$ cat final37.cif   # mmCIF, C-alpha atoms and all ligand atoms
data_target
loop_
_atom_site.label_atom_id
_atom_site.label_comp_id
_atom_site.auth_asym_id
_atom_site.auth_seq_id
_atom_site.Cartn_x
_atom_site.Cartn_y
_atom_site.Cartn_z
CA MET K 1 10.29 20.05 -5.41
CA GLU K 2 13.11 21.16 -3.12
CA GLU K 3 11.33 19.52 -0.22
CA ILE K 4 11.03 16.21 -2.07
CA MET K 5 14.74 16.27 -2.89
CA LYS K 6 15.69 17.15 0.65
CA ARG K 7 13.60 14.35 2.11
CA ALA K 8 14.73 11.86 -0.53
CA LYS K 9 18.38 12.52 0.29
CA ALA K 10 17.81 12.23 4.03
CA ASP K 11 15.79 9.07 3.53
CA LEU K 12 18.50 7.60 1.29
CA GLU K 13 21.01 7.97 4.07
CA GLN K 14 18.70 6.51 6.72
CA THR K 15 17.66 3.59 4.55
CA GLN K 16 21.29 2.75 3.78
CA ILE K 17 21.95 2.55 7.50
CA ALA K 18 18.83 0.42 8.02
CA ILE K 19 19.74 -2.03 5.27
CA TYR K 20 23.25 -2.45 6.68
CA GLU K 21 21.88 -3.04 10.17
CA THR K 22 19.50 -5.66 8.78
CA ALA K 23 22.26 -7.25 6.70
CA LEU K 24 24.86 -7.53 9.46
CA PRO K 25 23.41 -10.49 11.42
CA LEU K 26 22.68 -12.28 8.12
CA TYR K 27 26.24 -11.61 6.99
CA LYS K 28 27.62 -13.18 10.15
CA LYS K 29 25.33 -16.15 9.64
CA TYR K 30 26.19 -16.75 5.98
CA PHE K 31 29.87 -15.82 6.18
CA PRO K 32 31.00 -16.95 9.62
CA ASN K 33 34.68 -16.75 8.65
CA ALA K 34 34.69 -13.20 7.30
CA ASP K 35 37.35 -10.96 8.83
CA GLN K 36 36.58 -7.89 10.92
CA GLN K 37 37.61 -5.47 8.21
CA ASN K 38 34.86 -6.75 5.94
CA VAL K 39 32.22 -6.60 8.64
CA ALA K 40 32.74 -2.85 9.04
CA ASP K 41 32.40 -2.19 5.31
CA THR K 42 28.73 -1.25 5.03
CA ARG K 43 28.49 -1.55 1.25
CA LYS K 44 30.35 -4.83 1.06
CA VAL K 45 28.23 -6.42 3.79
CA THR K 46 24.95 -5.25 2.26
CA ALA K 47 25.89 -6.28 -1.27
CA ALA K 48 27.20 -9.68 -0.15
CA VAL K 49 23.98 -10.47 1.73
CA LEU K 50 21.77 -9.37 -1.16
CA ASP K 51 23.86 -11.52 -3.47
CA LYS K 52 23.61 -14.52 -1.15
CA LEU K 53 19.83 -14.19 -0.84
CA ALA K 54 19.53 -14.03 -4.63
CA GLU K 55 20.62 -17.66 -4.83
CA GLN K 56 17.20 -18.83 -3.67
CA HIS K 57 15.09 -18.21 -6.70
CA PRO K 58 12.36 -19.76 -8.84
CA ASN K 59 12.62 -20.45 -12.58
CA ASP K 60 10.31 -20.26 -15.60
CA ALA K 61 8.66 -23.54 -14.67
CA THR K 62 8.08 -22.79 -11.00
CA VAL K 63 7.51 -19.03 -10.70
CA VAL K 64 3.73 -18.93 -11.18
CA ASP K 65 3.01 -21.70 -8.66
CA TYR K 66 5.48 -20.15 -6.28
CA ALA K 67 3.66 -16.81 -6.50
CA LYS K 68 0.33 -18.56 -5.82
CA LYS K 69 1.79 -20.06 -2.69
CA VAL K 70 3.15 -16.70 -1.58
CA VAL K 71 -0.20 -14.96 -2.12
CA THR K 72 -1.90 -17.49 0.18
CA GLU K 73 0.87 -17.12 2.73
CA ALA K 74 0.71 -13.30 2.65
CA THR K 75 -3.09 -13.34 2.98
CA ASP K 76 -2.86 -15.57 6.06
CA PHE K 77 -0.21 -13.29 7.50
CA VAL K 78 -2.35 -10.18 6.98
CA LYS K 79 -5.25 -11.91 8.77
CA ARG K 80 -3.19 -13.25 11.64
CA HIS K 81 -1.43 -9.96 12.29
CA ASP K 82 -4.54 -7.79 11.91
CA VAL K 83 -2.92 -5.62 9.29
CA VAL K 84 -6.04 -4.62 7.37
CA GLY K 85 -9.46 -6.10 6.53
CA ILE K 86 -9.50 -8.46 3.57
CA PRO K 87 -12.11 -7.79 0.86
CA ASN K 88 -14.30 -10.55 -0.38
CA VAL K 89 -13.04 -10.42 -3.95
CA LEU K 90 -11.29 -13.11 -5.94
CA LEU K 91 -7.68 -12.81 -6.96
CA ASP K 92 -6.50 -14.91 -9.87
CA VAL K 93 -2.78 -15.58 -10.07
CA ILE K 94 -1.98 -16.13 -13.75
CA ALA K 95 1.01 -16.48 -16.02
CA MET K 96 1.71 -13.14 -17.67
CA PRO K 97 0.80 -13.08 -21.37
CA GLU K 98 3.94 -13.55 -23.50
CA PHE K 99 3.75 -10.10 -25.10
CA LYS K 100 3.95 -8.38 -21.73
CA ARG K 101 6.94 -10.32 -20.43
CA GLY K 102 10.49 -9.15 -19.97
CA VAL K 103 9.90 -5.89 -18.09
CA ALA K 104 8.50 -6.45 -14.63
CA ILE K 105 8.08 -9.83 -13.02
CA ALA K 106 4.54 -9.12 -11.90
CA TYR K 107 1.71 -6.66 -12.11
CA CYS K 108 -1.75 -6.33 -10.67
CA ASP K 109 -4.62 -5.93 -13.10
CA ALA K 110 -7.68 -4.78 -11.17
CA PRO K 111 -11.13 -4.38 -12.75
CA GLY K 112 -12.06 -0.84 -13.74
CA PRO K 113 -14.04 1.20 -11.22
CA LEU K 114 -17.23 0.87 -13.26
CA GLU K 115 -16.98 -2.83 -13.93
CA LYS K 116 -19.36 -4.93 -11.86
CA ASN K 117 -18.01 -8.05 -10.16
CA GLY K 118 -14.79 -7.99 -12.17
CA LYS K 119 -11.91 -10.25 -11.26
CA THR K 120 -8.44 -9.06 -10.32
CA PHE K 121 -5.47 -10.71 -12.00
CA PHE K 122 -2.06 -10.96 -10.42
CA ALA K 123 0.07 -11.69 -13.44
CA VAL K 124 3.44 -13.30 -12.82
CA ALA K 125 6.02 -13.60 -15.54
CA PRO K 126 8.15 -16.43 -16.70
CA THR K 127 10.86 -14.83 -18.89
CA PRO K 128 10.41 -14.27 -22.66
CA LYS K 129 11.14 -17.34 -24.77
CA ASP K 130 14.03 -15.74 -26.67
CA TRP K 131 16.10 -14.79 -23.61
CA SER K 132 19.50 -16.40 -23.09
CA LYS K 133 20.18 -18.66 -20.14
CA GLU K 134 22.34 -16.01 -18.46
CA ARG K 135 19.75 -13.30 -18.87
CA LYS K 136 17.07 -15.54 -17.36
CA GLU K 137 19.35 -16.39 -14.45
CA SER K 138 20.06 -12.73 -13.74
CA PHE K 139 16.35 -11.88 -13.89
CA PHE K 140 15.42 -14.57 -11.39
CA ARG K 141 18.30 -13.69 -9.10
CA GLU K 142 16.77 -10.22 -8.90
CA TYR K 143 13.28 -11.66 -8.40
CA ASN K 144 14.37 -14.26 -5.91
CA ASN K 145 12.12 -16.06 -3.41
CA TYR K 146 12.39 -13.27 -0.84
CA MET K 147 11.85 -10.52 -3.39
CA ILE K 148 8.69 -12.26 -4.62
CA ARG K 149 7.34 -11.99 -1.08
CA ASP K 150 8.06 -8.27 -0.94
CA LEU K 151 6.62 -7.87 -4.42
CA THR K 152 3.46 -9.73 -3.44
CA ALA K 153 3.02 -7.32 -0.54
CA HIS K 154 3.27 -4.46 -3.05
CA GLU K 155 1.25 -5.81 -5.98
CA ALA K 156 -1.33 -7.93 -4.25
CA MET K 157 -1.62 -8.43 -0.53
CA PRO K 158 -2.11 -5.96 1.13
CA GLY K 159 -0.94 -3.64 -1.68
CA HIS K 160 -2.60 -2.94 -5.03
CA PHE K 161 -5.07 -5.83 -5.19
CA LEU K 162 -6.52 -5.20 -1.76
CA GLN K 163 -6.53 -1.41 -2.03
CA LEU K 164 -8.07 -1.29 -5.50
CA ALA K 165 -10.76 -3.79 -4.49
CA ARG K 166 -11.66 -1.48 -1.58
CA SER K 167 -11.48 1.53 -3.83
CA ASN K 168 -13.96 -0.04 -6.21
CA GLU K 169 -16.44 -0.47 -3.36
CA PHE K 170 -16.40 3.25 -2.69
CA ARG K 171 -19.35 5.22 -4.05
CA ALA K 172 -19.17 8.96 -4.59
CA PRO K 173 -22.03 11.11 -5.94
CA THR K 174 -20.43 11.36 -9.35
CA LEU K 175 -18.19 9.03 -11.32
CA VAL K 176 -15.36 11.52 -11.45
CA ARG K 177 -13.68 10.32 -8.28
CA ALA K 178 -13.86 6.71 -9.37
CA ILE K 179 -12.19 7.41 -12.67
CA PHE K 180 -9.54 9.96 -11.77
CA GLN K 181 -7.48 8.23 -9.17
CA SER K 182 -4.37 9.53 -7.48
CA GLY K 183 -1.17 7.79 -8.59
CA PRO K 184 0.78 8.84 -5.48
CA PHE K 185 -2.03 7.51 -3.24
CA ILE K 186 -2.08 4.13 -5.00
CA GLU K 187 1.67 3.62 -5.44
CA GLY K 188 2.35 5.16 -2.05
CA TRP K 189 -0.03 2.70 -0.41
CA ALA K 190 1.72 -0.26 -2.07
CA VAL K 191 5.18 0.92 -0.98
CA TYR K 192 3.82 1.65 2.50
CA CYS K 193 2.42 -1.92 2.62
CA GLU K 194 5.84 -3.40 1.90
CA GLN K 195 7.11 -1.57 4.97
CA VAL K 196 4.14 -2.55 7.14
CA MET K 197 4.59 -6.22 6.29
CA ALA K 198 8.32 -6.04 7.06
CA GLU K 199 7.59 -4.25 10.34
CA GLN K 200 5.24 -7.06 11.28
CA GLY K 201 8.00 -9.56 10.57
CA TYR K 202 6.68 -11.06 7.34
CA GLY K 203 9.37 -13.33 5.88
CA GLY K 204 11.97 -12.31 8.49
CA PRO K 205 15.12 -10.25 7.87
CA GLU K 206 15.57 -11.81 4.41
CA VAL K 207 12.36 -10.17 3.15
CA LYS K 208 13.15 -6.97 5.03
CA MET K 209 16.39 -6.76 3.02
CA GLN K 210 14.33 -6.79 -0.19
CA GLN K 211 11.88 -4.25 1.19
CA LEU K 212 14.71 -1.87 2.05
CA LYS K 213 16.30 -2.47 -1.34
CA MET K 214 12.99 -1.56 -3.00
CA ARG K 215 12.72 1.47 -0.75
CA LEU K 216 16.16 2.57 -1.95
CA ARG K 217 14.93 2.07 -5.49
CA ALA K 218 11.90 4.31 -4.87
CA ILE K 219 14.13 6.99 -3.33
CA CYS K 220 16.60 6.83 -6.23
CA ASN K 221 13.68 7.06 -8.67
CA ALA K 222 12.57 10.34 -7.10
CA ILE K 223 16.08 11.77 -7.13
CA LEU K 224 16.65 10.68 -10.74
CA ASP K 225 13.32 12.06 -11.91
CA GLN K 226 13.96 15.62 -10.89
CA SER K 227 17.73 15.60 -11.38
CA ILE K 228 17.26 14.59 -15.02
CA HIS K 229 14.31 16.82 -15.87
CA ALA K 230 15.05 19.85 -13.73
CA GLY K 231 18.80 19.45 -13.29
CA ASN K 232 21.83 18.32 -15.26
CA MET K 233 22.34 14.74 -14.12
CA THR K 234 24.50 12.75 -16.52
CA GLU K 235 24.16 9.09 -17.40
CA LYS K 236 27.29 8.27 -15.39
CA GLU K 237 25.94 10.02 -12.30
CA ALA K 238 22.60 8.27 -12.68
CA MET K 239 24.24 4.85 -13.00
CA ASP K 240 26.42 5.52 -9.95
CA LEU K 241 23.42 6.56 -7.90
CA MET K 242 21.46 3.43 -8.79
CA THR K 243 24.18 0.81 -8.63
CA LYS K 244 26.34 2.17 -5.78
CA GLU K 245 23.86 3.99 -3.56
CA GLY K 246 20.85 1.82 -4.38
CA TYR K 247 22.43 -1.64 -4.87
CA GLN K 248 20.73 -2.09 -8.23
CA GLN K 249 21.84 -4.52 -10.89
CA GLU K 250 23.40 -3.10 -14.05
CA GLY K 251 20.57 -4.33 -16.33
CA GLU K 252 17.91 -2.83 -14.14
CA ALA K 253 19.74 0.51 -13.93
CA VAL K 254 20.16 0.72 -17.71
CA ALA K 255 16.42 0.20 -18.20
CA LYS K 256 15.65 2.78 -15.52
CA TRP K 257 17.88 5.40 -17.15
CA LYS K 258 15.77 4.98 -20.28
CA ARG K 259 12.45 5.07 -18.41
CA ALA K 260 13.51 8.14 -16.41
CA ARG K 261 14.16 10.09 -19.59
CA LEU K 262 10.97 8.98 -21.31
CA THR K 263 8.66 9.79 -18.39
CA SER K 264 8.50 12.68 -16.01
CA ALA K 265 6.90 12.98 -12.58
CA GLN K 266 5.71 9.34 -12.60
CA LEU K 267 8.89 7.93 -11.07
CA SER K 268 8.52 10.24 -8.10
CA THR K 269 5.04 8.99 -7.18
CA TYR K 270 6.31 5.93 -5.26
CA PHE K 271 8.48 7.94 -2.92
CA VAL K 272 6.16 10.94 -2.58
CA GLY K 273 3.08 8.77 -1.98
CA ALA K 274 4.80 6.48 0.52
CA THR K 275 6.15 9.50 2.40
CA GLU K 276 2.65 10.99 2.60
CA HIS K 277 1.19 7.70 3.83
CA LEU K 278 3.92 7.32 6.46
CA ASP K 279 3.46 10.94 7.59
CA LEU K 280 -0.27 10.41 7.88
CA ARG K 281 0.19 7.29 9.96
CA ALA K 282 2.77 8.97 12.19
CA ALA K 283 0.35 11.85 12.81
CA GLU K 284 -2.46 9.46 13.76
CA GLN K 285 -0.16 7.49 16.04
CA LYS K 286 0.86 10.69 17.75
CA LYS K 287 -2.72 11.83 18.11
CA LEU K 288 -4.12 8.55 19.38
CA GLY K 289 -1.20 7.20 21.41
CA ASP K 290 -2.15 3.83 22.93
CA GLN K 291 -5.50 3.94 21.20
CA PHE K 292 -3.88 3.69 17.78
CA ASN K 293 -4.90 0.49 16.05
CA LEU K 294 -3.11 -0.44 12.83
CA LYS K 295 -5.95 -2.40 11.27
CA LYS K 296 -8.53 0.23 12.07
CA TYR K 297 -6.26 2.92 10.70
CA ASN K 298 -5.47 1.05 7.48
CA ASP K 299 -9.13 0.18 6.89
CA GLN K 300 -10.05 3.81 7.25
CA VAL K 301 -7.31 5.15 4.96
CA ILE K 302 -8.49 3.01 2.05
CA SER K 303 -12.20 3.57 2.61
CA TYR K 304 -12.49 6.75 0.55
CA GLY K 305 -11.53 5.45 -2.87
CA SER K 306 -8.15 6.58 -4.19
CA PRO K 307 -8.00 10.36 -3.68
CA PRO K 308 -4.77 12.28 -3.07
CA VAL K 309 -3.47 11.55 0.42
CA LYS K 310 -4.01 15.14 1.58
CA TYR K 311 -7.78 14.69 1.18
CA VAL K 312 -7.69 11.44 3.11
CA ARG K 313 -6.00 13.35 5.88
CA GLU K 314 -8.83 15.90 5.81
CA LEU K 315 -11.58 13.28 5.71
CA MET K 316 -10.06 11.31 8.54
CA GLY K 317 -9.62 14.38 10.66
CA SER K 318 -13.24 15.44 10.47
CA ARG K 319 -14.64 11.96 10.89
CA TRP K 320 -12.37 11.13 13.70
CA ASN K 321 -13.07 14.36 15.54
CA ALA K 322 -16.77 13.68 15.25
CA LEU K 323 -16.37 10.37 16.98
CA SER K 324 -13.28 10.31 19.11
CA SER K 325 -15.03 11.93 22.03
CA THR K 326 -17.59 9.15 22.23
CA ARG K 327 -15.26 6.30 23.15
CA TRP K 328 -16.88 4.25 20.48
CA HIS K 329 -15.32 0.83 20.48
CA CYS K 330 -17.35 -1.24 18.10
CA THR K 331 -15.32 -1.03 14.93
CA SER K 332 -17.60 -2.75 12.47
CA LEU K 333 -20.64 -0.87 13.66
CA GLN K 334 -18.71 2.35 13.56
CA ARG K 335 -17.72 1.65 10.00
CA GLN K 336 -21.28 0.86 9.04
CA ILE K 337 -22.52 4.10 10.46
CA PHE K 338 -19.77 5.96 8.69
CA ASP K 339 -20.71 4.36 5.44
CA ILE K 340 -24.36 5.15 5.88
CA VAL K 341 -24.23 8.68 7.15
CA PHE K 342 -21.13 9.94 5.45
CA GLY K 343 -21.65 7.86 2.37
CA GLU K 344 -23.31 9.32 -0.65
CA PRO K 345 -26.90 8.74 -1.76
CA ASP K 346 -26.71 5.86 -4.10
CA PRO K 347 -29.05 2.90 -4.32
CA PRO K 348 -26.53 0.20 -3.35
CA TRP K 349 -25.81 1.49 0.13
CA TYR K 350 -29.46 2.27 0.77
CA GLN K 351 -30.33 -1.34 0.05
CA LEU K 352 -27.48 -2.52 2.19
CA LEU K 353 -28.74 -0.37 4.98
CA THR K 354 -32.18 -1.88 5.01
CA ARG K 355 -31.10 -5.45 4.43
CA ARG K 356 -28.05 -5.86 6.57
CA PHE K 357 -27.42 -2.97 8.86
CA LEU K 358 -30.78 -2.15 10.33
CA PRO K 359 -30.95 -5.05 12.77
CA SER K 360 -27.73 -3.90 14.40
CA LEU K 361 -28.90 -0.35 14.98
CA ARG K 362 -31.46 0.55 17.56
CA PHE K 363 -33.36 3.71 16.91
CA ARG K 364 -35.86 5.37 19.13
CA GLY K 365 -39.40 5.80 17.85
CA ALA K 366 -39.84 7.48 14.51
CA ALA K 367 -36.18 8.36 14.28
CA ALA K 368 -35.51 5.57 11.85
CA ASP K 369 -37.83 7.17 9.32
CA ASP K 370 -36.19 10.55 9.81
CA PHE K 371 -32.89 8.89 9.36
CA PHE K 372 -33.73 7.21 6.12
CA VAL K 373 -35.30 10.28 4.63
CA ALA K 374 -32.50 12.57 5.64
CA ALA K 375 -29.74 10.21 4.75
CA ASN K 376 -31.14 9.88 1.29
CA ARG K 377 -31.26 13.61 0.61
CA THR K 378 -28.69 16.34 0.59
CA SER K 379 -25.37 16.29 2.31
CA SER K 380 -26.43 18.92 4.83
CA SER K 381 -29.35 16.81 6.01
CA ARG K 382 -27.04 13.83 6.32
CA LEU K 383 -24.74 15.95 8.38
CA ASN K 384 -27.66 16.79 10.61
CA VAL K 385 -28.41 13.13 11.12
CA GLN K 386 -24.80 12.41 11.81
CA ARG K 387 -24.83 14.95 14.63
CA ARG K 388 -27.86 13.34 16.16
CA LEU K 389 -26.52 9.80 16.28
CA VAL K 390 -25.30 9.11 19.76
CA PRO K 391 -23.65 5.87 20.84
CA THR K 392 -25.32 4.60 23.99
CA SER K 393 -23.23 1.53 24.61
CA ARG K 394 -20.64 -0.53 22.85
CA ASN K 395 -23.16 -2.00 20.45
CA SER K 396 -25.97 0.43 20.11
CA ILE K 397 -26.61 3.86 18.82
CA SER K 398 -29.53 6.08 19.49
CA TYR K 399 -30.87 8.88 17.43
CA GLN K 400 -31.68 12.09 19.24
CA PRO K 401 -34.33 14.12 17.43
CA SER K 402 -33.09 17.29 19.05
CA ILE K 403 -29.54 17.97 20.05
CA ARG K 404 -28.27 20.10 22.82
CA SER K 405 -25.93 22.74 21.63
CA THR K 406 -22.45 22.37 23.03
ZN ZN Z 501 2.87 -0.42 -7.76
#

$ encode --input "final37.cif" --output "structure tokens"
Amino acid sequence: MEEIMKRAKADLEQTQIAIYETALPLYKKYFPNADQQNVADTRKVTAAVLDKLAEQHPNDATVVDYAKKVVTEATDFVKRHDVVGIPNVLLDVIAMPEFKRGVAIAYCDAPGPLEKNGKTFFAVAPTPKDWSKERKESFFREYNNYMIRDLTAHEAMPGHFLQLARSNEFRAPTLVRAIFQSGPFIEGWAVYCEQVMAEQGYGGPEVKMQQLKMRLRAICNAILDQSIHAGNMTEKEAMDLMTKEGYQQEGEAVAKWKRARLTSAQLSTYFVGATEHLDLRAAEQKKLGDQFNLKKYNDQVISYGSPPVKYVRELMGSRWNALSSTRWHCTSLQRQIFDIVFGEPDPPWYQLLTRRFLPSLRFRGAAADDFFVAANRTSSSRLNVQRRLVPTSRNSISYQPSIRST
């Protein structure tokens, strides 16, 4: 807990600097006549730019179509920039049902892990019918055109929709892992995706401003969560933190104060999970240096379902160590082999193996039979097979019936 607080406070400071640095060129662009005194005022500059960007916003009539457009745009961006592989699952952008409106502007409703061929809904909200004109205006200023892009990165592409679709493809020996998913892994991934998209330049500095604002929100959430439940934070202190340090609107902060007192430990998951994801990526980057490939990394991180990040770190370590020495360049083949050998015995992958993957693998002699038999039995026999698979060139793998001890 102390570590989370320490990191949250350090991150708060760094993110405030980052948002000011991002805001400054925009400030000079939008307010060319501002005097020098204003330019040096970090809070004023940041708040003024956020306020300016809020002017570009949709309304009740346009928000759903606008979100549809943004989903297509974000999907193209993810493809063009090789951020992560895109699953072959449909995403339906719909208007949020009336009874759910008035809280968040959007949410992602993925099929349950046991549902076959379920659709994912990205629900986007026009405001409730009984809201006043002013309240609607304030809501859409918050969820302006740029914020909807950041939000789409979080909720849909490449955030929740993409990750949960991948997670549903994962097959473990029992259903337990499919049903008990890690909140910090899932929320952390979505927050991490907002950052990845901003790093890649999605939507320019205007969207980056929203991403950093949301990052500040996640950090404040973590600080609030433990300061309220394990400390003595007052309402005044909480409001100051959110509105002054985190640039949040009054209405949003009031609602958060309520949510923070009614829940505990959930509000921290965004910050804790994102920090774990960023730490994991930093460690891989350090380990692999020039060989680090963002798409490959992201694909791998979300290939194990939705377990706590620490287990992903473990799984990646062992798998990577098993293969890094082989200079194995063929990504898709590598992934297939992973899925087959490290995957769990379950009819779907076995069928996949025979139908689709076999032609791309070249086995010597009777090895294929050995392989199938072993791969379909216990985990130790699969491990044995895994040790005997040796890549012979970029596109082929051979199976060595006996292995030399090293
Ligand atoms: Zn989320």

$ residues_around --input "final37.cif" --residues "Ala110 in chain K" --least-positions-apart "6" --cutoff "10 Å" --atoms "only C-alpha atoms" --output "PyMOL selection string"
chain K and resi 91+118-122+156+160-165+168

$ residues_near_ligand --input "final37.cif" --ligand "ligand ZN 501 (chain Z)" --cutoff "7 Å" --atoms "all atoms listed in the file" --output "PyMOL selection string"
chain K and resi 154-155+160+187+190

$ residues_around --input "final37.cif" --residues "Glu206 in chain K" --least-positions-apart "2" --cutoff "12 Å" --atoms "all atoms listed in the file" --output "PyMOL selection string"
chain K and resi 19+22-27+29-30+46+49-54+56+144-150+198+201-204+208-213

$ write_last_selection --input "final37.cif" --atoms "C-alpha atoms" --output "PDB file, in the coordinates of the input"
ATOM      1  CA  ILE K  19      19.740  -2.030   5.270  1.00  0.00           C
ATOM      2  CA  THR K  22      19.500  -5.660   8.780  1.00  0.00           C
ATOM      3  CA  ALA K  23      22.260  -7.250   6.700  1.00  0.00           C
ATOM      4  CA  LEU K  24      24.860  -7.530   9.460  1.00  0.00           C
ATOM      5  CA  PRO K  25      23.410 -10.490  11.420  1.00  0.00           C
ATOM      6  CA  LEU K  26      22.680 -12.280   8.120  1.00  0.00           C
ATOM      7  CA  TYR K  27      26.240 -11.610   6.990  1.00  0.00           C
ATOM      8  CA  LYS K  29      25.330 -16.150   9.640  1.00  0.00           C
ATOM      9  CA  TYR K  30      26.190 -16.750   5.980  1.00  0.00           C
ATOM     10  CA  THR K  46      24.950  -5.250   2.260  1.00  0.00           C
ATOM     11  CA  VAL K  49      23.980 -10.470   1.730  1.00  0.00           C
ATOM     12  CA  LEU K  50      21.770  -9.370  -1.160  1.00  0.00           C
ATOM     13  CA  ASP K  51      23.860 -11.520  -3.470  1.00  0.00           C
ATOM     14  CA  LYS K  52      23.610 -14.520  -1.150  1.00  0.00           C
ATOM     15  CA  LEU K  53      19.830 -14.190  -0.840  1.00  0.00           C
ATOM     16  CA  ALA K  54      19.530 -14.030  -4.630  1.00  0.00           C
ATOM     17  CA  GLN K  56      17.200 -18.830  -3.670  1.00  0.00           C
ATOM     18  CA  ASN K 144      14.370 -14.260  -5.910  1.00  0.00           C
ATOM     19  CA  ASN K 145      12.120 -16.060  -3.410  1.00  0.00           C
ATOM     20  CA  TYR K 146      12.390 -13.270  -0.840  1.00  0.00           C
ATOM     21  CA  MET K 147      11.850 -10.520  -3.390  1.00  0.00           C
ATOM     22  CA  ILE K 148       8.690 -12.260  -4.620  1.00  0.00           C
ATOM     23  CA  ARG K 149       7.340 -11.990  -1.080  1.00  0.00           C
ATOM     24  CA  ASP K 150       8.060  -8.270  -0.940  1.00  0.00           C
ATOM     25  CA  ALA K 198       8.320  -6.040   7.060  1.00  0.00           C
ATOM     26  CA  GLY K 201       8.000  -9.560  10.570  1.00  0.00           C
ATOM     27  CA  TYR K 202       6.680 -11.060   7.340  1.00  0.00           C
ATOM     28  CA  GLY K 203       9.370 -13.330   5.880  1.00  0.00           C
ATOM     29  CA  GLY K 204      11.970 -12.310   8.490  1.00  0.00           C
ATOM     30  CA  LYS K 208      13.150  -6.970   5.030  1.00  0.00           C
ATOM     31  CA  MET K 209      16.390  -6.760   3.020  1.00  0.00           C
ATOM     32  CA  GLN K 210      14.330  -6.790  -0.190  1.00  0.00           C
ATOM     33  CA  GLN K 211      11.880  -4.250   1.190  1.00  0.00           C
ATOM     34  CA  LEU K 212      14.710  -1.870   2.050  1.00  0.00           C
ATOM     35  CA  LYS K 213      16.300  -2.470  -1.340  1.00  0.00           C
TER      36      LYS K 213
END

$ atom_distance --input "final37.cif" --atom1 "CA of Ala255 in chain K" --atom2 "CA of Asp60 in chain K"
21.5 Å

$ atom_distance --input "final37.cif" --atom1 "CA of Leu315 in chain K" --atom2 "CA of Val301 in chain K"
9.2 Å

$ atom_distance --input "final37.cif" --atom1 "CA of Gln14 in chain K" --atom2 "CA of Gln195 in chain K"
14.2 Å

$ residues_around --input "final37.cif" --residues "range 67-81 of chain K" --least-positions-apart "3" --cutoff "7 Å" --atoms "only C-alpha atoms" --output "list in words"
Val63, Val64, Val84, Val93, Arg149, Thr152 and Met157 of chain K

$ residues_around --input "final37.cif" --residues "Thr127 in chain K" --least-positions-apart "2" --cutoff "12 Å" --atoms "only C-alpha atoms" --output "MDAnalysis selection string"
chainID K and resid 58:64 95:106 124:125 129:140 143

$ residues_near_point --input "final37.cif" --point "(-8.3, 6.8, 0.8)" --cutoff "12 Å" --atoms "only C-alpha atoms" --output "JSON, numbers by chain"
{"K": [163, 164, 166, 167, 168, 169, 170, 177, 178, 181, 182, 183, 184, 185, 186, 188, 189, 273, 276, 277, 280, 297, 298, 299, 300, 301, 302, 303, 304, 305, 306, 307, 308, 309, 310, 311, 312, 313, 314, 315, 316]}

$ residues_around --input "final37.cif" --residues "Ser227 in chain K" --least-positions-apart "6" --cutoff "10 Å" --atoms "only C-alpha atoms" --output "JSON, numbers by chain"
{"K": [5, 221, 233, 234, 237, 238, 260]}
